[in-house]
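J.: First the structure, which I've put down as structure tokens, then a few questions once you've had a look.
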Amino acid sequence: MTPSYYLLLSALLFTIGAAGVLVRRNAIVVFMCIELMLNAVNLSLVTFSRINGGLDGQLMAFFVMVVAAAEVVVGLAIIMSIFKTRRSASVDDANLLKY
Amino acid sequence: MTTALQELAEVQAASGIARYAWLLIALPAFGALVLLVGGRRTNAWGHLLGCLTVLAGFVYGLLLFIETAGRPAAERTSELRLFSWIPVNALQVDFGLRLDPLSLVFVLLITGVGGLIHVYAVGYMSHDPDRRKFFGYFNLFITAMLILVLGDNFVSLYLGWEGVGLASYLLIAFWQHRPAAATAAKKAFIMNRIGDVGLALAIFILWRQLGTVQYDEVFARVGELSTPTLVTLTLLLLLGACGKSGQFPLQSWLPDAMEGPTPVSALIHAATMVTAGVYLVARCAPIYNLTPDGRLAVMAVGGITLMIGAIIGCAYDDFKKVLAYSTVSQIGYMMLAVGMGPFGYALGIAHLLTHGFFKAGLFLGAGSVMHGMNDEGNIRRMGGLWRHMPVTFVTFGLAWLAIIGFPFLSGYYSKDAIIEAAWGLEAWQGWVFGGAAVLGAGLTAFYMTRLMILVFFGEERWRELRTDDGTAGGKPYHPHESPLVMTVPMILLAFGSVGAGYFFQNSERLVGWLEPTLGGLQEAEHTALPHEYLPWLTLAVIALGALLAYLLVGRRRQPVTRPEPVTLPVRAARRELYANAINEALFERPGIWLTRLAVFADNKGIDGIVNGTAALLGGTSGRLRRLQTGFVRSYALGMLGGSVLVIAALLVVRYS
């Protein structure tokens with residue numbers, strides 16, 4: 001079994017995530033797509049770690065998970081408070097910070 | 001004309017009471033400091049302190065003079081080093097005082113005549129709320145003038161030079177609420193500045209060439225300079241002298257300076273400050289001795305100025321302006337004299353001293369008349385005042401006789417000597433300068449007699465007139481004699497006007513006294529006109545001038561307003577021989593154009609670039625900020641696009 005399939009899967013997942021971030025309006029979905037992208041990267045890190053026979057990539061993946069967990073906490077809190085004040089979870093509605 | 005290098009007097013260290021010579025400067029400086037810093041608290045006694053410091057200076061100066069006179073002639077030049085003033089690498093300037101016959105006569109003139117005018121000003125300024133400030137400035141002037149004449153190097157001369165310029169500015173504009181006074185002060189300051197540039201450049205040249213600015217060192221080594229440098233130097237010094245002394249072509253500030261209070265006109269713009277130019281040339285005698293061309297320039301300036309001043313003086317109706325042009329003209333005589341070099345230095349100084357007496361007397365008389373006539377300055381509105389102001393009339397009359405050169409009064413001795421020396425010049429110079437000097441004497445007699453007649457004789461034209469000083473309908477004139485505090489200085493100056501000439505000339509007292517500083521006075525072997533006829537010729541011309549004034553002015557009924565139209569020469573003289581018009585056309589207009597051009601370039605050019613840059617940046621950013629839409633997804637697209645671009649670039653670099 002060749003590692004390149006994992007890399008292809010990782011690229012596929014990343015693309016789906018990126019497309020989701022760009023096209024979806026619901027903040028929760030956007031958030032989930034970001035998680036998807038992060039995990040796609042995790043997958044490729046682990047794959048490269050396997051290819052190279054080292055542990056660096058797996059270590060990095062743990063770091064990414066930690067950061068992602070922290071990010072989820074902060075991000076979901078922001079989304080919650082926006083939803084509380086505006087009754088909307090659409091990212092396009094939260095556009096006050098502009099020119 | 002042969003001029004041997006002048007023997008320089010041996011300089012000694014000051015001893016005896018001369019060790020306290022710094023008191024001369026310190027006393028009035030102390031007065032000025034107390035009066036100007038003390039403010040209103042000193043109002044009650046400020047004028048007394050002002051007089052006291054100057055009179056104390058005079059007493060000390062007199063003691064110093066007597067002590068110096070007691071020494072043999074060779075030991076009369078001494079120096080007193082006070083402190084190191086500017087110790088900068090190669091430029092070492094010590095602040096020191098040079099006490100020699102020349103500076104001592106100036107000290108006596110400044111503190112003596114200055115002290116009298118201080119006393120006079122106590123009365124003259126008695127109604128002025130700012131009298132204390134006036135005395136502060138007056139003391140400041142005396143300080144600066146004494147630094148000017150006592151300094152032992154060119155830099156202290158320059159310090160005093162600027163100091164008197166400042167004091168002159170402050171005092172001309174003393175009544176600064178009058179626009180004319182403020183303008184006149186600015187004019188005086190700016191025209192002086194032109195001259196100061198010349199003096200400064202001369203000092204720079206001296207330092208560059210000789211590495212020193214001390215008088216004794218400069219004069220000892222001045223022979224090392226090349227002829228072009230010497231001529232440049234003398235011309236620059238002359239420019240400085242012209243600015244300060246109101247000489248052609250910088251003469252037109254002096255008459256305007258009469259906007260100041262009359263004691264200022266008497267002290268600064270007649271007796272002392274304006275003679276600083278003559279002092280400068282006389283002090284630099286060792287330099288001028290080496291260059292006949294430089295001396296010729298001085299003589300030319302003197303000759304032209306004495307004619308200009310005398311001609312314009314004939315046409316003016318303003319009491320003080322006539323006297324101002326008379327001053328211009330008389331200083332022209334002094335410049336002519338000092339320009340003659342060893343033939344005239346001492347004569348110029350002698351005329352300077354006698355002029356100090358009679359011109360101060362004339363101005364104080366003018367002030368007294370104006371004081372009694374509600375500050376009226378137009379002599380056509382006066383007349384017949386001799387009955388009402390006997391003391392003023394007598395003192396003014398004596399000064400008048402002195403200035404026109406009436407036999408055996410001051411002006412007769414000092415001016416006649418200059419005229420004779422001028423005729424003794426070689427070739428054409430004798431005729432030109434001698435002729436100008438004699439003609440100037442005739443004109444002096446004319447305008448001074450005209451002034452005298454219009455003010456003191458004839459019918460009392462003021463009887464039907466009322467003042468036009470702004471009060472409704474004006475007040476009638478009540479001419480009256482001035483108080484004692486004003487008349488006593490006038491009387492003392494009148495004594496000077498009468499006796500000073502004889503005193504100086506008798507057995508060549510002044511000439512002999514000045515010899516250690518200025519060298520012996522030489523006399524020409526032959527004159528263009530026979531020597532024995534000259535005094536008679538001069539007297540005849542003077543008498544003719546006075547007679548003409550009597551015929552043209554004294555015998556006719558004089559109108560109160562000045563007659564129009566008049567002939568071309570009179571019109572020219574009334575317009576100051578177009579001096580102001582020429583200045584305006586040559587300097588003021590181009591200056592205004594230049595400033596307008598600069599303003600235009602600044603507004604359209606510089607400002608355009610600055611504002612244009614700002615507008616460009618503002619406009620661009622105004623458009624660019626539209627990219628900040630606030631939509632998170634478009635930012636994300638931007639980030640994605642950017643990442644793709646970076647990766648693509650990396651790949652291209654890697655695999656190309």
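Ligands are numbered from 1 in the order shown, residues from 1 within each chain, and chains are lettered A, B, ... in the order they appear in the structure tokens.
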Chain A residues within 12 Å of chain B, counting only C-alpha atoms: which ones, as a list of chain:residue names?

T.: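 The selection requested is A:Phe14, A:Thr15, A:Gly17, A:Ala18, A:Ala19, A:Gly20, A:Val21, A:Leu22, A:Val23, A:Arg24, A:Arg25, A:Asn26, A:Ala27, A:Val30, A:Phe31, A:Ile34, A:Ser90, A:Val91, A:Asp92, A:Asp93, A:Ala94, A:Asn95, A:Leu96, A:Leu97, A:Lys98, A:Tyr99.
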
J.: Would you kindly return, as a JSON list (two decimals) with C-alpha atoms, in the first residue's frame, each protein, DNA or RNA residue with an atom no farther than 10 Å from any atom of Ala437 (chain B), considering only C-alpha atoms and excluding same-chain residues fewer than 2 positions away?

T.:
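Writing done, so here's around29.json:
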```
[["chain", "number", "residue", "atom", "x", "y", "z"],
["B", 302, "GLY", "CA", 32.37, 112.99, 2.18],
["B", 303, "GLY", "CA", 32.30, 115.58, -0.61],
["B", 304, "ILE", "CA", 29.13, 114.21, -2.20],
["B", 306, "LEU", "CA", 28.21, 117.37, 2.33],
["B", 307, "MET", "CA", 26.71, 118.81, -0.86],
["B", 332, "GLY", "CA", 30.34, 114.83, 5.17],
["B", 333, "TYR", "CA", 32.92, 117.47, 6.11],
["B", 336, "LEU", "CA", 36.21, 114.57, 3.72],
["B", 415, "LYS", "CA", 35.48, 123.92, 9.31],
["B", 416, "ASP", "CA", 37.92, 126.48, 7.93],
["B", 418, "ILE", "CA", 39.08, 121.39, 6.66],
["B", 419, "ILE", "CA", 38.36, 123.73, 3.75],
["B", 420, "GLU", "CA", 41.96, 124.87, 3.68],
["B", 422, "ALA", "CA", 40.88, 120.36, 1.00],
["B", 423, "TRP", "CA", 42.29, 123.11, -1.22],
["B", 431, "TRP", "CA", 39.64, 122.23, -6.91],
["B", 432, "VAL", "CA", 36.86, 119.67, -6.66],
["B", 433, "PHE", "CA", 36.91, 118.98, -2.93],
["B", 434, "GLY", "CA", 37.98, 122.48, -1.97],
["B", 435, "GLY", "CA", 35.25, 123.92, -4.15],
["B", 439, "LEU", "CA", 30.15, 125.84, -1.61],
["B", 440, "GLY", "CA", 28.86, 123.62, 1.19],
["B", 441, "ALA", "CA", 29.84, 126.27, 3.71],
["B", 442, "GLY", "CA", 27.83, 128.84, 1.74],
["B", 443, "LEU", "CA", 24.81, 126.53, 1.60],
["B", 538, "THR", "CA", 35.28, 131.19, 2.69]]
```

J.: Which residues, written as a list in words, have at least one atom at most 10 Å from Leu55 (chain A), with only C-alpha atoms counted and residues fewer than 5 positions away on the same chain left out?

T.: Leu45, Val46, Phe48, Ser49, Arg50 and Met60 of chain A

J.: Restricting the calculation to only C-alpha atoms: of A:Ser88, A:Ser10, A:Ser44, A:Glu35, which residue gets closest to Gln58 (chain A)?

T.: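 Looking at the shortest contact to Gln58 (chain A), the residue is A:Ser44.
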
J.: At a cut-off of 7 Å, using only C-alpha atoms, what residues contact region 475-485 of chain B? Leave out same-chain residues fewer than 5 positions from it and give the result as a ChimeraX atom specification.

T.: /B:119-120,123,368,372-374,388-389,462,465-467

J.: Give me the residues within 10 Å of Ile51 (chain A) as a list in words, counting only C-alpha atoms and dropping any in the same chain fewer than 6 places off.

T.: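 The residues satisfying every condition are Thr2, Pro3, Ser4, Leu45 and Gly57 of chain A.
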
J.: Kindly save the residues from that selection, with N, CA and C atoms included, as a short mmCIF file (atom, residue, chain, number, x, y, z; two decimals), in the first residue's frame.

T.:
```
data_model
loop_
_atom_site.label_atom_id
_atom_site.label_comp_id
_atom_site.auth_asym_id
_atom_site.auth_seq_id
_atom_site.Cartn_x
_atom_site.Cartn_y
_atom_site.Cartn_z
N THR A 2 0.71 2.11 -0.96
CA THR A 2 1.61 3.27 -1.11
C THR A 2 1.06 4.45 -0.32
N PRO A 3 1.93 5.22 0.26
CA PRO A 3 1.49 6.40 1.05
C PRO A 3 0.85 7.48 0.20
N SER A 4 1.05 7.43 -1.11
CA SER A 4 0.55 8.54 -1.93
C SER A 4 -0.97 8.63 -1.89
N LEU A 45 0.83 15.26 7.40
CA LEU A 45 1.98 15.27 8.30
C LEU A 45 2.33 13.85 8.75
N GLY A 57 6.75 14.50 12.22
CA GLY A 57 5.44 14.81 11.64
C GLY A 57 4.33 14.49 12.61
#
```

J.: Excluding Arg509 (chain B) and any residue of its chain fewer than 2 positions from it, enumerate the residues within 12 Å of it, using only C-alpha atoms, and give them as number ranges by chain.

T.: B: 69, 101, 346-347, 350, 500-507, 511-515, 521

J.: Could you save those same residues with C-alpha atoms as a PDB file, in the first residue's frame?

T.:
```pdb
ATOM      1  CA  ALA B  69      47.694 114.324  29.860  1.00  0.00           C
ATOM      2  CA  PRO B 101      44.253 110.217  23.094  1.00  0.00           C
ATOM      3  CA  ALA B 346      42.956 115.500  13.391  1.00  0.00           C
ATOM      4  CA  LEU B 347      40.877 118.130  11.567  1.00  0.00           C
ATOM      5  CA  ALA B 350      38.279 118.493  15.741  1.00  0.00           C
ATOM      6  CA  ALA B 500      35.592 124.837  21.888  1.00  0.00           C
ATOM      7  CA  GLY B 501      37.040 125.742  18.501  1.00  0.00           C
ATOM      8  CA  TYR B 502      39.412 128.305  19.902  1.00  0.00           C
ATOM      9  CA  PHE B 503      40.350 125.995  22.753  1.00  0.00           C
ATOM     10  CA  PHE B 504      41.191 123.111  20.402  1.00  0.00           C
ATOM     11  CA  GLN B 505      42.919 125.215  17.801  1.00  0.00           C
ATOM     12  CA  ASN B 506      44.898 127.402  20.139  1.00  0.00           C
ATOM     13  CA  SER B 507      48.552 126.418  19.747  1.00  0.00           C
ATOM     14  CA  VAL B 511      46.287 118.210  16.948  1.00  0.00           C
ATOM     15  CA  GLY B 512      49.215 117.768  19.289  1.00  0.00           C
ATOM     16  CA  TRP B 513      47.125 115.726  21.695  1.00  0.00           C
ATOM     17  CA  LEU B 514      45.968 113.346  18.972  1.00  0.00           C
ATOM     18  CA  GLU B 515      49.432 112.921  17.497  1.00  0.00           C
ATOM     19  CA  LEU B 521      49.152 116.642  11.030  1.00  0.00           C
TER      20      LEU B 521
END
```

J.: Mind the document's chain letters and residue numbers, and return as a VMD selection string the residues of region 49-90 of chain A that DSSP labels helix (DSSP H, G or I).

T.: chain A and resid 49 to 52 56 to 86

J.: If you count only C-alpha atoms, which residues fall within 10 Å of Phe83 (chain B), apart from same-chain ones fewer than 2 positions away, as a list in words?

T.: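 Final neighbour list, sorted by chain and number: Leu80, Arg81, Trp85, Ile86, Val93, Asp94, Phe95 and Gly96 of chain B.
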
J.: Restricting the output to C-alpha atoms, write the selected residues as a PDB file, in the first residue's frame.

T.:
```
ATOM      1  CA  LEU B  80      43.654  97.235  29.915  1.00  0.00           C
ATOM      2  CA  ARG B  81      43.027  93.540  29.290  1.00  0.00           C
ATOM      3  CA  TRP B  85      36.210  86.908  25.466  1.00  0.00           C
ATOM      4  CA  ILE B  86      36.194  84.493  22.534  1.00  0.00           C
ATOM      5  CA  VAL B  93      39.686  87.687  21.211  1.00  0.00           C
ATOM      6  CA  ASP B  94      40.385  89.352  24.530  1.00  0.00           C
ATOM      7  CA  PHE B  95      38.041  91.947  25.852  1.00  0.00           C
ATOM      8  CA  GLY B  96      40.225  94.896  26.553  1.00  0.00           C
TER       9      GLY B  96
END
```

J.: Can you work out the spacing between CA of Gly424 (chain B) and CA of Glu523 (chain B) in Å, to one decimal?

T.: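 Separation of CA of Gly424 (chain B) and CA of Glu523 (chain B): 7.8 Å.
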
J.: Distance CA of Gly458 (chain B)-CA of Gly383 (chain B), one decimal place?

T.: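 Separation between CA of Gly458 (chain B) and CA of Gly383 (chain B): 5.6 Å.
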